[in-house]
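Written below as structure tokens is the structure these notes are about.
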Amino acid sequence: MLESAWVIPALPAAGFVGILLFGRRLPRGGSLLGTGAVGLALVASLVAAAQWVQRVDDAAAKEGMGTLVAFGRGLLGAEAGHAGVEPVVRAVTWWESGPAVLRVGTHVDGLTVMMLVVVCVISFLVHVYSTAYMHGDERFTYFYAALSLFTASMLLLVVAENTLQLLVGWELVGLCSFMLIGHWWEEKPNTNAAIKAFLTTRTGDVGLLVGVVLTGFVVEQATGRFSFGISAVNEAALSGKVSSTLLTVTAAGLLLGIIGKSGQFPLHTWLPDAMAGPTPVSALIHAATMVVAGVYLGARVYPVFWEGFTIGAGGVNAMAAVGAITIVIGALLAFVQDDIKKVLAYSTISQLGYMVMGLGVGAWVGAVFHLFTHAFFKALLFLGAGSISHSGSHHSFDMRKDMGGLRHHMPVTFATFMIGSAALVGLFPLAGFWSKDEILATAGQSDYDLFMVVGVIGAVLTASYMTRCVHLTFFGSYRGHGHPHESPPAITVPLVVLAVLSVIAGFANAVAFGVEHFVTYVEPTVAFPKLVHPDFDALLAVVSVGLALAAIGAGAWLWSRPEPLGPLAGLTRRNAAARLGHTVLRNKYYLDALYEDVIVAGVRGPLARASYWVNQRVIDAVVNGTGRATARVGRLTYRRVDQGVIDAGLNGLAAETGTLGGLLRRLQSGRLPRYALGVVAGVVVIGAALVLIRV
Amino acid sequence: MDWFDDWALTLAVFLPAVGLVAVLAVPRAEERLIKVVTLVATLATLAVGAGILARFDYDRSAALQFRVDASWIDAINARYHLAVDGISLPLLVLSMFVTVLCVVYSWNHFPEPHNPKAFLALILLLEVGMNGTFVAQDLVLFFIFFEVVLLPMFFMIGVWGGPNREYASIKFFLFTLFGSALMLLGFLALFFLSGTNTFQIPELVALGGEGITRTTQHLIFAGLFLGFAIKVPMFPFHTWLPDAHTEAPTVGSVLLAAILLKLGTYGFVRIAMPVLPEAAATWAPWIGLLAVIGIIYGALCCLAQTDMKRLIAFSSVAHMGFVMLGIATLTTFGVNAAIFGMVAHGLITGMLFFLAGTVQHTYHTREMERLGGLLKQAPRLGWILGFCAMASLGLPGLAGFWGEFPAILSAYRPAGAVSGLLGAEPLVTFRVFMVLAAIGTVLAAGYLLWMYQRVAFGVPKEEFADLSVHDVTPVEWIAWTPMLLLIVVLGVYPQLLFGITNGAVTRLFGG
């Protein structure tokens with residue numbers, strides 16, 4: 001399966017084509033075909049993962065025997081005591097230009113198989129969940145077609161052999177995101193959200209386009225051969241033969257792409273709006289998989305960022321700064337949302353900030369590990385929110401108006417949601433604890449203390465807003481108007497599976513217990529920088545968990561007062577600073593106002609109108625003026641020269657002007673046969689000119 | 001099959017002419033027969049194209065194949081010289097292919113004042129000119145075919161066009177004729193000044209401007225530039241295009257976008273750049289500048305449109321900007337991208353004009369404010385429009401991407417001889433262009449998605465709420481499916497096209 005990994009994206013792609021061709025005639029509206037295809041892809045991914053683990057173990061065993069080969073590979077950049085396990089790369093010619101041959105294929109290593117498994121697991125569960133959640137939807141079949149296309153595109157992105165292929169998958173998942181956010185396209189807000197998502201990520205893609213182009217030139221500078229191959233890019237970045245300016249610009253371009261796709265400040269504004277799509281889509285695309293494509297890109301060509309931003313040097317760099325800012329601004333916004341999906345969306349932004357910051361501070365393992373665990377618990381939370389709207393709040397996501405007290409009515413949803421929240425907050429020993437701790441510990445142990453502190457603050461904020469969210473949803477008394485009940489098994493079973501994963505996923509790399517599977521199996525050992533693998537920092541763990549618990553306690557106390565928020569109630573009325581902060585948050589830092597009312601409105605309105613005005617009143621006026629002037633010259637010529645002077649020697653220039661002008665006049669007379677005559681005459685004159693040249 | 005190799009190109013060019021004669025011989029009332037004759041003629045031409053595709057030697061795509069070289073007008077050394085290489089072949093076949101689909105689409109879509117006989121005769125004449133331009137290897141021959149195209153398009157717009165057809169058709173005709181006159185001057189100057197008295201393009205390419213003083217080379221290039229740039233059209237010579245497109249009947253718009261615009265860009269690749277390489281290198285940054293202005297400016301004008309068809313017309317200005325940017329770099333990446341872009345734009349924008357025509361046919365308006373809910377009333381039509389909008393905005397995996405991405409790539413490093421703008425470094429100049437072009441892709445997504453939102457999303461407006469709308473008809477399926485499939489196939493496996501063009505492009509631009 002490592003060598004024929006192309007099968008994995010091909011399976012859901014085949015599912016998509018099948019649904020496209022046969023549509024509603026398929027059993028269960030195509031959901032069976034779509035789910036089956038993704039199920040097979042999941043099996044294939046698990047096989048690939050097992051084979052990769054085997055491959056690494058084999059290499060380690062070989063190295064244990066001290067073979068010369070392994071020693072040679074070790075010299076090529078593998079860490080001491082680590083076998084250099086080459087990725088499995090298969091590719092064919094995709095296109096060529098001049099001497100450059102660009103390829104398409106698969107690049108499979110530990111990072112790839114980890115991501116394949118995550119995407120397939122979540123996608124499979126979402127497929128199952130949607131059979132109930134989307135039941136009776138007007139466009140049920142279409143929904144499954146789009147889900148299948150999304151899964152295929154995402155898997156294509158994951159197995160990409162080169163950065164250009166990754167870009168292709170990247171744009172295709174963007175398309176699917178657009179289609180699914182706008183699933184209910186009768187409503188304008190939904191299509192506005194879809195377009196906003198597409199255009200915002202595309203703005204980031206300006207950087208990605210340039211960055212991908214530059215990866216080709218990075219390789220060329222190092223080897224003299226043009227290639228986008230991921231291995232080639234990584235080797236070139238570490239070869240020392242590439243100018244640091246080029247690497248920095250490349251990294252900056254790619255970072256802009258990551259900012260757009262992975263909801264980083266300041267291009268995060270599309271993600272909350274994307275919640276207009278169906279909830280399973282929010283779980284799959286806008287929490288677990290597509291939005292982490294940016295992080296995946298960062299991890300995939302990490303040497304470019306490592307060298308381009310000199311991450312090894314410590315201090316501050318653009319990537320870490322973007323991530324850190326995003327952690328805080330995202331978490332703060334989660335406090336002022338009434339819509340449970342928006343709370344989760346801002347939480348996703350904040351958590352993506354952890355991953356990007358992790359990459360920026362050299363915590364590659366932590367970032368990738370957090371991607372892994374976050375996928376499970378955030379998908380769980382979104383699907384839980386979907387379960388609530390499906391069976392508890394009568395299709396509403398408003399926590400204040402339509403929820404409250406749901407723990408009695410929806411025990412499974414409640415229990416799993418609590419597990420997901422605890423994992424997100426990072427309580428020991430749930431999944432989020434291990435991955436967040438890995439990022440913070442690495443930051444602390446490689447001269448990025450500032451970012452470690454930001455991470456701890458983020459953890460406290462996370463604990464607080466999740467306490468608010470859980471309280472409003474499940475505690476207190478029911479404020480809605482429906483008849484809340486538990487959801488059907490198609491919904492609760494995926495919740496339970498994800499809850500189990502949210503508990504155990506963290507033990508894949510539980511450093512405290514000496515388990516470091518992500519270091520052993522996921523981290524590349526060839527063409528990769530030497531990373532710091534931190535020891536378990538008990539103090540850090542105790543402090544961050546302790547602070548989070550304190551935040552939960554404080555939150556629970558505040559919210560369970562007879563008057564919610566107790567002494568803090570009405571603070572925004574009493575305190576000007578609090579009021580200002582609240583207003584700024586309510587208005588999302590005014591970024592939407594800036595983007596939509598100033599930039600977009602400016603371009604679509606005045607700028608576009610001005611361009612068109614120039615087109616019609618300036619450029620076209622010149623054209624029309626020239627035409628009229630020529631006609632006048634023609635009339636004059638006709639009267640004075642042609643009629644006045646004997647029509648003997650045909651002066652070439654005069655002839656042409658005369659004919660054109662005359663033609664124009666005849667044309668204006670408004671009778672078609674004359675036009676024809678005029679035109680033919682024009683061509684005849686040109687033909688005659690040709691013959692005259694014989695001289 | 002030697003017989004075929006000798007006659008293939010003559011057949012490719014003149015079979016439509018034979019069809020034209022046949023059509024003229026049929027009485028005007030026999031509409032069905034006229035349609036059949038036209039279809040047979042264009043299909044036979046396409047079959048010749050298929051034969052050429054089958055027998056083309058792809059390993060030698062740089063060489064001129066299926067060559068016919070006979071004496072023609074001895075007095076001026078003009079020869080009947082036809083041949084194809086990897087640059088001509090895709091465009092020739094595209095022209096044959098699109099013509100067939102236009103005839104199919106016309107089957108029951110004749111615009112007022114009807115008259116299928118004249119309409120189809122003009123299409124056949126148009127095909128003679130288009131096919132001929134792509135295979136001519138003699139400047140005189142090239143010029144004649146280039147001009148032959150004007151006539152039928154002029155009548156198509158002027159007779160079957162919209163309310164403002166007279167203005168639009170005259171503007172189209174005179175504007176392009178103006179350019180042609182200067183281009184002809186350039187050709188004549190090449191003939192007399194190169195000292196060889198030849199109109200043969202391969203010979204002139206081999207000379208590469210030798211024997212002509214620098215200043216004169218620049219003047220000649222200026223003439224060729226104007227001729228081709230108006231046809232492309234490049235900013236600021238583009239104003240005939242929106243009017244022509246808006247007024248032209250659907251099939252006229254499709255042919256105009258799909259093939260006629262490519263005559264200009266093809267002229268750059270085939271004649272202007274290789275024949276006068278030194279002047280081209282000096283002019284390149286200016287061409288690149290106009291190209292990126294076209295990309296941004298065309299997109300901005302799109303955003304200001306209320307008429308769907310006019311919006312698509314302006315999008316051509318932006319798309320041809322990418323093509324010209326690729327050409328201006330004078331690199332293999334750039335020119336390969338340009339040819340890919342020509343084919344992709346032909347398919348995608350051709351499809352968009354078909355769709356605009358059907359929308360107009362259904363709702364009798366193209367004002368986007370009045371439209372809406374197309375997905376509701378004609379879901380298939382709506383989805384095809386969405387597909388084509390995505391293709392047009394350069395979505396990877398569809399054909400349009402392969403015209404844009406390598407063009408952007410090529411601007412990172414133009415050919416070594418290319419100079420900079422006003423004394424700036426060439427690299428800096430073109431890297432600025434690269435970023436501007438990349439920004440253009442965002443604007444493209446903007447105008448296309450907003451267009452789609454206004455036309456297809458939402459629910460139908462009140463005035464059309466009760467209209468019973470036909471979804472895609474069988475005839476439309478026949479005409480459109482091949483184009484839609486090609487957009488996907490070329491997008492997924494671009495080597496199909498790059499594999500043909502690369503050899504020829506490398507020979508001319510490989511440095």
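Residues in the structure tokens are numbered from 1 in each chain, the chains being A, B, ... in the order shown, and ligands are numbered from 1 in the order shown.
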Problem set entry | Interface, chain A side, toward chain B (6 Å; only C-alpha atoms) as a ChimeraX atom specification | /A:94-95,97-98,168,185-187,202,206,213,604,608-609,611-612,620,694
Could you dump the residues just selected with N, CA and C atoms as a PDB file, in the first residue's frame?
ATOM      1  N   TRP A  94       3.833  14.537 -15.326  1.00  0.00           N
ATOM      2  CA  TRP A  94       2.540  15.228 -15.310  1.00  0.00           C
ATOM      3  C   TRP A  94       2.509  16.249 -16.446  1.00  0.00           C
ATOM      4  N   TRP A  95       3.579  17.012 -16.527  1.00  0.00           N
ATOM      5  CA  TRP A  95       3.732  17.939 -17.638  1.00  0.00           C
ATOM      6  C   TRP A  95       5.203  18.301 -17.751  1.00  0.00           C
ATOM      7  N   SER A  97       8.131  21.302 -19.487  1.00  0.00           N
ATOM      8  CA  SER A  97       8.333  22.608 -20.103  1.00  0.00           C
ATOM      9  C   SER A  97       9.824  22.810 -20.246  1.00  0.00           C
ATOM     10  N   GLY A  98      10.273  22.968 -21.509  1.00  0.00           N
ATOM     11  CA  GLY A  98      11.708  23.032 -21.727  1.00  0.00           C
ATOM     12  C   GLY A  98      12.313  21.744 -21.194  1.00  0.00           C
ATOM     13  N   VAL A 168      -2.788  21.832  -5.940  1.00  0.00           N
ATOM     14  CA  VAL A 168      -3.991  21.394  -6.651  1.00  0.00           C
ATOM     15  C   VAL A 168      -5.018  20.850  -5.653  1.00  0.00           C
ATOM     16  N   TRP A 185     -28.096  27.188  -0.730  1.00  0.00           N
ATOM     17  CA  TRP A 185     -27.777  28.409  -1.455  1.00  0.00           C
ATOM     18  C   TRP A 185     -28.986  29.267  -1.747  1.00  0.00           C
ATOM     19  N   GLU A 186     -30.159  28.875  -1.324  1.00  0.00           N
ATOM     20  CA  GLU A 186     -31.304  29.763  -1.519  1.00  0.00           C
ATOM     21  C   GLU A 186     -31.166  31.011  -0.659  1.00  0.00           C
ATOM     22  N   GLU A 187     -30.500  30.847   0.492  1.00  0.00           N
ATOM     23  CA  GLU A 187     -30.361  31.970   1.423  1.00  0.00           C
ATOM     24  C   GLU A 187     -29.096  32.752   1.109  1.00  0.00           C
ATOM     25  N   ARG A 202      -8.348  32.532  -0.990  1.00  0.00           N
ATOM     26  CA  ARG A 202      -7.636  32.807  -2.228  1.00  0.00           C
ATOM     27  C   ARG A 202      -6.672  33.970  -2.073  1.00  0.00           C
ATOM     28  N   VAL A 206      -2.485  33.821  -2.945  1.00  0.00           N
ATOM     29  CA  VAL A 206      -1.521  34.610  -3.710  1.00  0.00           C
ATOM     30  C   VAL A 206      -0.127  34.269  -3.198  1.00  0.00           C
ATOM     31  N   VAL A 213       5.829  28.419  -6.575  1.00  0.00           N
ATOM     32  CA  VAL A 213       6.738  28.711  -7.689  1.00  0.00           C
ATOM     33  C   VAL A 213       8.176  28.754  -7.170  1.00  0.00           C
ATOM     34  N   ARG A 604     -15.127  46.646  -5.389  1.00  0.00           N
ATOM     35  CA  ARG A 604     -16.315  46.357  -6.194  1.00  0.00           C
ATOM     36  C   ARG A 604     -17.043  47.627  -6.601  1.00  0.00           C
ATOM     37  N   ALA A 608     -13.927  49.669  -9.270  1.00  0.00           N
ATOM     38  CA  ALA A 608     -14.427  49.014 -10.475  1.00  0.00           C
ATOM     39  C   ALA A 608     -15.144  50.027 -11.356  1.00  0.00           C
ATOM     40  N   ARG A 609     -15.955  50.883 -10.726  1.00  0.00           N
ATOM     41  CA  ARG A 609     -16.691  51.853 -11.528  1.00  0.00           C
ATOM     42  C   ARG A 609     -15.743  52.841 -12.202  1.00  0.00           C
ATOM     43  N   SER A 611     -12.653  52.244 -13.112  1.00  0.00           N
ATOM     44  CA  SER A 611     -11.994  51.573 -14.234  1.00  0.00           C
ATOM     45  C   SER A 611     -12.910  51.551 -15.439  1.00  0.00           C
ATOM     46  N   TYR A 612     -14.163  51.251 -15.189  1.00  0.00           N
ATOM     47  CA  TYR A 612     -15.092  51.150 -16.304  1.00  0.00           C
ATOM     48  C   TYR A 612     -15.364  52.521 -16.913  1.00  0.00           C
ATOM     49  N   ASP A 620     -12.224  54.436 -24.859  1.00  0.00           N
ATOM     50  CA  ASP A 620     -13.140  54.253 -25.969  1.00  0.00           C
ATOM     51  C   ASP A 620     -13.440  55.575 -26.668  1.00  0.00           C
ATOM     52  N   ARG A 694       4.314  44.082 -56.752  1.00  0.00           N
ATOM     53  CA  ARG A 694       5.088  43.275 -57.695  1.00  0.00           C
ATOM     54  C   ARG A 694       6.202  44.071 -58.350  1.00  0.00           C
TER      55      ARG A 694
END
For this session: Write out as a PyMOL selection string all residues of stretch 16-230 of chain A that backbone DSSP assigns to helix (DSSP H, G or I).
Result: chain A and resi 16-25+27-64+68-75+110-133+140-159+163-181+188-223+230
Problem set entry | Spatial neighbours of stretch 209-217 of chain B, 12 Å, only C-alpha atoms, chain gap at least 2 places, as a VMD selection string | chain B and resid 186 to 187 189 to 196 201 203 to 207 219 to 225 271 to 283
